[in-house]
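Remarks on the structure that follows.
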Amino acid sequence: MRHKKLLINIFLLSFWVFLAYLLPYYLFIFKYFENYFMVDFKKIGAIFLIVLVILAIINLLLLLREIKKLIKEFL
Amino acid sequence: MDIVEKVYKEGILKLKENIPQIIINLVVAGLIWAFGILVFIPIADMLGNPYLFGLTAVKPIISAIIAIALIIVLLRVTKDFGELMDGIADIIAVKLAGSRVNEEKLKRYRRGLRGLAYLIVAIIAYLFFLPVISGITPVLAGIILIILVIWAVVVLINIGHIFSEEIEEGVRIATKKLEEALEKSVKKEENE
């Protein structure tokens, strides 16, 4: 496939955003297990959200690099 | 190849190289802003904005990460926009001055248009950061806006001066040509 990296980046970006969007909902489910695991899932969710933000931004920058390459090829 | 043709070709090349890069960078800045403001910060709110290790809440951390990414992308836009304006300055110099174009004129044009480029990027950056700044304090947003207005006026006056000199020179040459043509016609009438 010719633009494999571009497609992978688009897929990963949408995956991170989707994961972040669903975060409050699966944390809601994990809350029921809080007493068994003895951890504060709210804090873990917050750290996970920060990691997702960083991953999404890195992916966006990688996507930018791929599009630049594509445009150079095109020109 | 004479200097006019060379400068013109360089200007066109700079335009071709920088326009797509500026557009892509601006689109990416817009996406970072949209994801940050519309997706990640509301999710932090939905989580109840918890404190991490008793130090700071999640929302300011996410805002800071987004702000840093935006600053990096906008700095790239500034660099590309400056080069684009150099190209536009070259083309304007060739079109306005023609064969009278020289290094000094090019430098003046480039300096003036680069000022305009930095102003445009500053205004775009202001629009991107407005929700963050007005979230901190609305007074700060107002002060920055006033500074931008003053800067815009100074830059526009500078650009006006640069082009007025060129227009004056063009008018001087045109009147000189007209006088010569008039003299010729008067001499012709006298001979007849």
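Residue numbering restarts at 1 for every chain of the structure tokens, chains are lettered A, B, ... in their displayed order, and ligands are numbered from 1 as they appear.
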(message) Distance limit 10 Å, atoms considered: only C-alpha atoms. Which chain B residues sit that close to chain A? Return them as a ChimeraX atom specification.
(response) /B:16-17,20-21,24-25,27-29,31-32,35-36,39-53,57-59,61-63,65-66,69-70,73
For the residues in the current selection, export C-alpha atoms as a compact mmCIF listing (two decimals), in the first residue's frame.
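The new file out-v7.txt reads:
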```
# COMPACT_ATOMS: atom_id res chain seq x y z
CA LYS B 16 5.02 27.51 -4.20
CA GLU B 17 7.10 26.03 -1.36
CA PRO B 20 0.96 24.36 1.24
CA GLN B 21 3.08 24.17 4.41
CA ILE B 24 -1.21 22.28 6.62
CA ASN B 25 0.28 23.85 9.77
CA VAL B 27 -5.10 23.01 9.77
CA VAL B 28 -3.09 21.03 12.36
CA ALA B 29 -3.20 23.99 14.79
CA LEU B 31 -7.29 20.40 14.91
CA ILE B 32 -5.18 20.59 18.11
CA PHE B 35 -9.59 18.46 20.06
CA GLY B 36 -8.38 20.32 23.13
CA VAL B 39 -12.96 16.95 23.47
CA PHE B 40 -10.21 16.75 26.11
CA ILE B 41 -11.10 19.69 28.41
CA PRO B 42 -14.83 18.71 28.62
CA ILE B 43 -13.71 15.14 29.44
CA ALA B 44 -11.54 16.52 32.26
CA ASP B 45 -14.67 18.31 33.50
CA MET B 46 -16.67 15.08 33.24
CA LEU B 47 -14.04 13.33 35.38
CA GLY B 48 -14.64 15.98 38.04
CA ASN B 49 -11.29 17.75 37.42
CA PRO B 50 -9.43 15.73 40.11
CA TYR B 51 -6.17 16.87 41.74
CA LEU B 52 -3.08 14.84 40.77
CA PHE B 53 -0.74 13.99 43.66
CA ALA B 57 -5.93 19.78 38.75
CA VAL B 58 -6.13 17.93 35.41
CA LYS B 59 -7.65 20.80 33.43
CA ILE B 61 -2.28 20.37 32.81
CA ILE B 62 -4.24 19.54 29.64
CA SER B 63 -4.52 23.26 28.79
CA ILE B 65 0.00 20.63 26.96
CA ILE B 66 -2.35 21.97 24.26
CA ALA B 69 1.71 22.12 21.07
CA LEU B 70 -0.07 25.17 19.62
CA VAL B 73 2.95 24.71 15.42
```
(request) Could you give me the residues within range 10-64 of chain B that DSSP places in alpha helix (DSSP H), as a ChimeraX atom specification? (result) /B:10-34,41-46,58-64
(message) Env of Val7 in chain B: 8 Å cut, atoms = only C-alpha atoms, seq-sep filter 2 positions within chain, self excluded. Answer as a list in words.
(response) Ile3, Val4, Glu5, Lys9, Glu10, Gly11, Asp90, Ile91 and Val94 of chain B
So which bits of chain B end up strand (DSSP E or B) when you DSSP the backbone, as a short mmCIF file (atom, residue, chain, number, x, y, z; two decimals) with N, CA and C atoms, in the first residue's frame?
```
data_model
loop_
_atom_site.label_atom_id
_atom_site.label_comp_id
_atom_site.auth_asym_id
_atom_site.auth_seq_id
_atom_site.Cartn_x
_atom_site.Cartn_y
_atom_site.Cartn_z
N TYR B 51 -7.55 16.42 41.48
CA TYR B 51 -6.17 16.87 41.74
C TYR B 51 -5.23 15.69 41.60
N LEU B 52 -4.07 15.92 40.93
CA LEU B 52 -3.08 14.84 40.77
C LEU B 52 -1.99 15.00 41.80
N THR B 56 -1.85 19.75 41.36
CA THR B 56 -2.64 20.58 40.45
C THR B 56 -3.77 19.76 39.82
N ALA B 57 -4.80 20.48 39.36
CA ALA B 57 -5.93 19.78 38.75
C ALA B 57 -5.59 19.34 37.32
#
```
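Excluding Leu75 in chain B itself and same-chain residues fewer than 3 positions from it, the residues having an atom within 12 Å of it are Ile22, Asn25, Leu26, Ala29, Ile68, Ala69, Leu70, Ile71, Ile72, Thr78, Lys79, Asp80, Phe81, Gly82, Tyr118, Val121, Ala122, Ile124 and Ala125 of chain B, counting only C-alpha atoms.
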With N, CA and C atoms retained, could you export that selection as an mmCIF file, in the first residue's frame?
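Result went into again-v8.cif, see below:
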```cif
data_model
loop_
_atom_site.group_PDB
_atom_site.id
_atom_site.type_symbol
_atom_site.label_atom_id
_atom_site.label_comp_id
_atom_site.auth_asym_id
_atom_site.auth_seq_id
_atom_site.Cartn_x
_atom_site.Cartn_y
_atom_site.Cartn_z
ATOM 1 N N ILE B 22 2.061 26.272 5.057
ATOM 2 C CA ILE B 22 1.308 27.162 5.966
ATOM 3 C C ILE B 22 -0.111 26.620 6.165
ATOM 4 N N ASN B 25 -0.003 23.486 8.372
ATOM 5 C CA ASN B 25 0.283 23.847 9.769
ATOM 6 C C ASN B 25 -0.930 24.490 10.437
ATOM 7 N N LEU B 26 -1.627 25.351 9.680
ATOM 8 C CA LEU B 26 -2.809 26.010 10.257
ATOM 9 C C LEU B 26 -3.929 24.995 10.514
ATOM 10 N N ALA B 29 -2.960 23.141 13.605
ATOM 11 C CA ALA B 29 -3.197 23.993 14.789
ATOM 12 C C ALA B 29 -4.690 24.024 15.119
ATOM 13 N N ILE B 68 1.332 24.363 24.642
ATOM 14 C CA ILE B 68 2.708 24.131 24.175
ATOM 15 C C ILE B 68 2.696 23.625 22.726
ATOM 16 N N ALA B 69 1.793 22.652 22.441
ATOM 17 C CA ALA B 69 1.706 22.121 21.068
ATOM 18 C C ALA B 69 1.322 23.226 20.085
ATOM 19 N N LEU B 70 0.366 24.066 20.495
ATOM 20 C CA LEU B 70 -0.066 25.169 19.619
ATOM 21 C C LEU B 70 1.073 26.157 19.369
ATOM 22 N N ILE B 71 1.849 26.441 20.432
ATOM 23 C CA ILE B 71 2.967 27.385 20.279
ATOM 24 C C ILE B 71 3.977 26.823 19.275
ATOM 25 N N ILE B 72 4.296 25.506 19.384
ATOM 26 C CA ILE B 72 5.262 24.888 18.464
ATOM 27 C C ILE B 72 4.771 25.011 17.013
ATOM 28 N N THR B 78 4.940 30.858 11.678
ATOM 29 C CA THR B 78 5.620 32.163 11.617
ATOM 30 C C THR B 78 6.801 32.111 10.657
ATOM 31 N N LYS B 79 7.608 31.047 10.787
ATOM 32 C CA LYS B 79 8.805 30.900 9.928
ATOM 33 C C LYS B 79 8.388 30.801 8.448
ATOM 34 N N ASP B 80 7.415 29.934 8.175
ATOM 35 C CA ASP B 80 6.965 29.749 6.785
ATOM 36 C C ASP B 80 6.310 31.010 6.236
ATOM 37 N N PHE B 81 5.536 31.691 7.085
ATOM 38 C CA PHE B 81 4.839 32.898 6.647
ATOM 39 C C PHE B 81 5.839 34.010 6.327
ATOM 40 N N GLY B 82 6.914 34.085 7.117
ATOM 41 C CA GLY B 82 7.968 35.063 6.851
ATOM 42 C C GLY B 82 8.588 34.829 5.482
ATOM 43 N N TYR B 118 4.266 38.742 10.572
ATOM 44 C CA TYR B 118 4.309 38.462 12.016
ATOM 45 C C TYR B 118 3.025 38.950 12.691
ATOM 46 N N VAL B 121 0.241 36.439 11.957
ATOM 47 C CA VAL B 121 0.388 35.233 12.790
ATOM 48 C C VAL B 121 0.024 35.539 14.246
ATOM 49 N N ALA B 122 0.412 36.738 14.724
ATOM 50 C CA ALA B 122 0.079 37.113 16.116
ATOM 51 C C ALA B 122 -1.431 37.188 16.301
ATOM 52 N N ILE B 124 -3.706 35.528 14.500
ATOM 53 C CA ILE B 124 -4.220 34.144 14.476
ATOM 54 C C ILE B 124 -3.963 33.462 15.827
ATOM 55 N N ALA B 125 -2.746 33.661 16.359
ATOM 56 C CA ALA B 125 -2.398 33.063 17.660
ATOM 57 C C ALA B 125 -3.314 33.607 18.754
#
```
(message) Report, in Å with one decimal, the straight-line distance from CA of Asp40 in chain A to CA of Trp16 in chain A.
(response) 22.4 Å
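Here CA of Ala93 in chain B and CA of Leu106 in chain B stand 6.6 Å from one another.
Nearest-residue note for Glu166 in chain B: choosing from B:Leu119, B:Ala97, B:Ile92, B:Leu178, the minimum distance belongs to B:Ala97, counting only C-alpha atoms.
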(message) Show me, as a ChimeraX atom specification, the residues that have an atom within 9 Å of Ile10 in chain A when counting only C-alpha atoms, minus same-chain residues fewer than 3 positions from it.
(response) /A:5-7,13-15,59-60,63
Those selected residues, please, written with N, CA and C atoms and delivered as a CSV table (one decimal), in the first residue's frame.
```
chain,number,residue,atom,x,y,z
A,5,LYS,N,1.6,4.7,6.1
A,5,LYS,CA,1.8,5.4,7.3
A,5,LYS,C,0.7,6.4,7.6
A,6,LEU,N,0.3,7.1,6.5
A,6,LEU,CA,-0.7,8.1,6.6
A,6,LEU,C,-2.0,7.5,7.2
A,7,LEU,N,-2.4,6.3,6.6
A,7,LEU,CA,-3.6,5.7,7.1
A,7,LEU,C,-3.5,5.2,8.5
A,13,LEU,N,-5.0,8.2,15.5
A,13,LEU,CA,-5.5,9.5,16.0
A,13,LEU,C,-7.0,9.3,16.4
A,14,SER,N,-7.8,8.7,15.4
A,14,SER,CA,-9.2,8.5,15.8
A,14,SER,C,-9.4,7.6,16.9
A,15,PHE,N,-8.5,6.6,17.0
A,15,PHE,CA,-8.5,5.6,18.1
A,15,PHE,C,-8.3,6.3,19.5
A,59,ASN,N,0.5,12.2,17.4
A,59,ASN,CA,-0.1,11.6,16.2
A,59,ASN,C,-0.4,12.7,15.2
A,60,LEU,N,-1.0,13.8,15.7
A,60,LEU,CA,-1.3,14.9,14.8
A,60,LEU,C,-0.1,15.5,14.1
A,63,LEU,N,1.1,13.0,11.5
A,63,LEU,CA,0.2,13.2,10.4
A,63,LEU,C,0.6,14.3,9.5
```
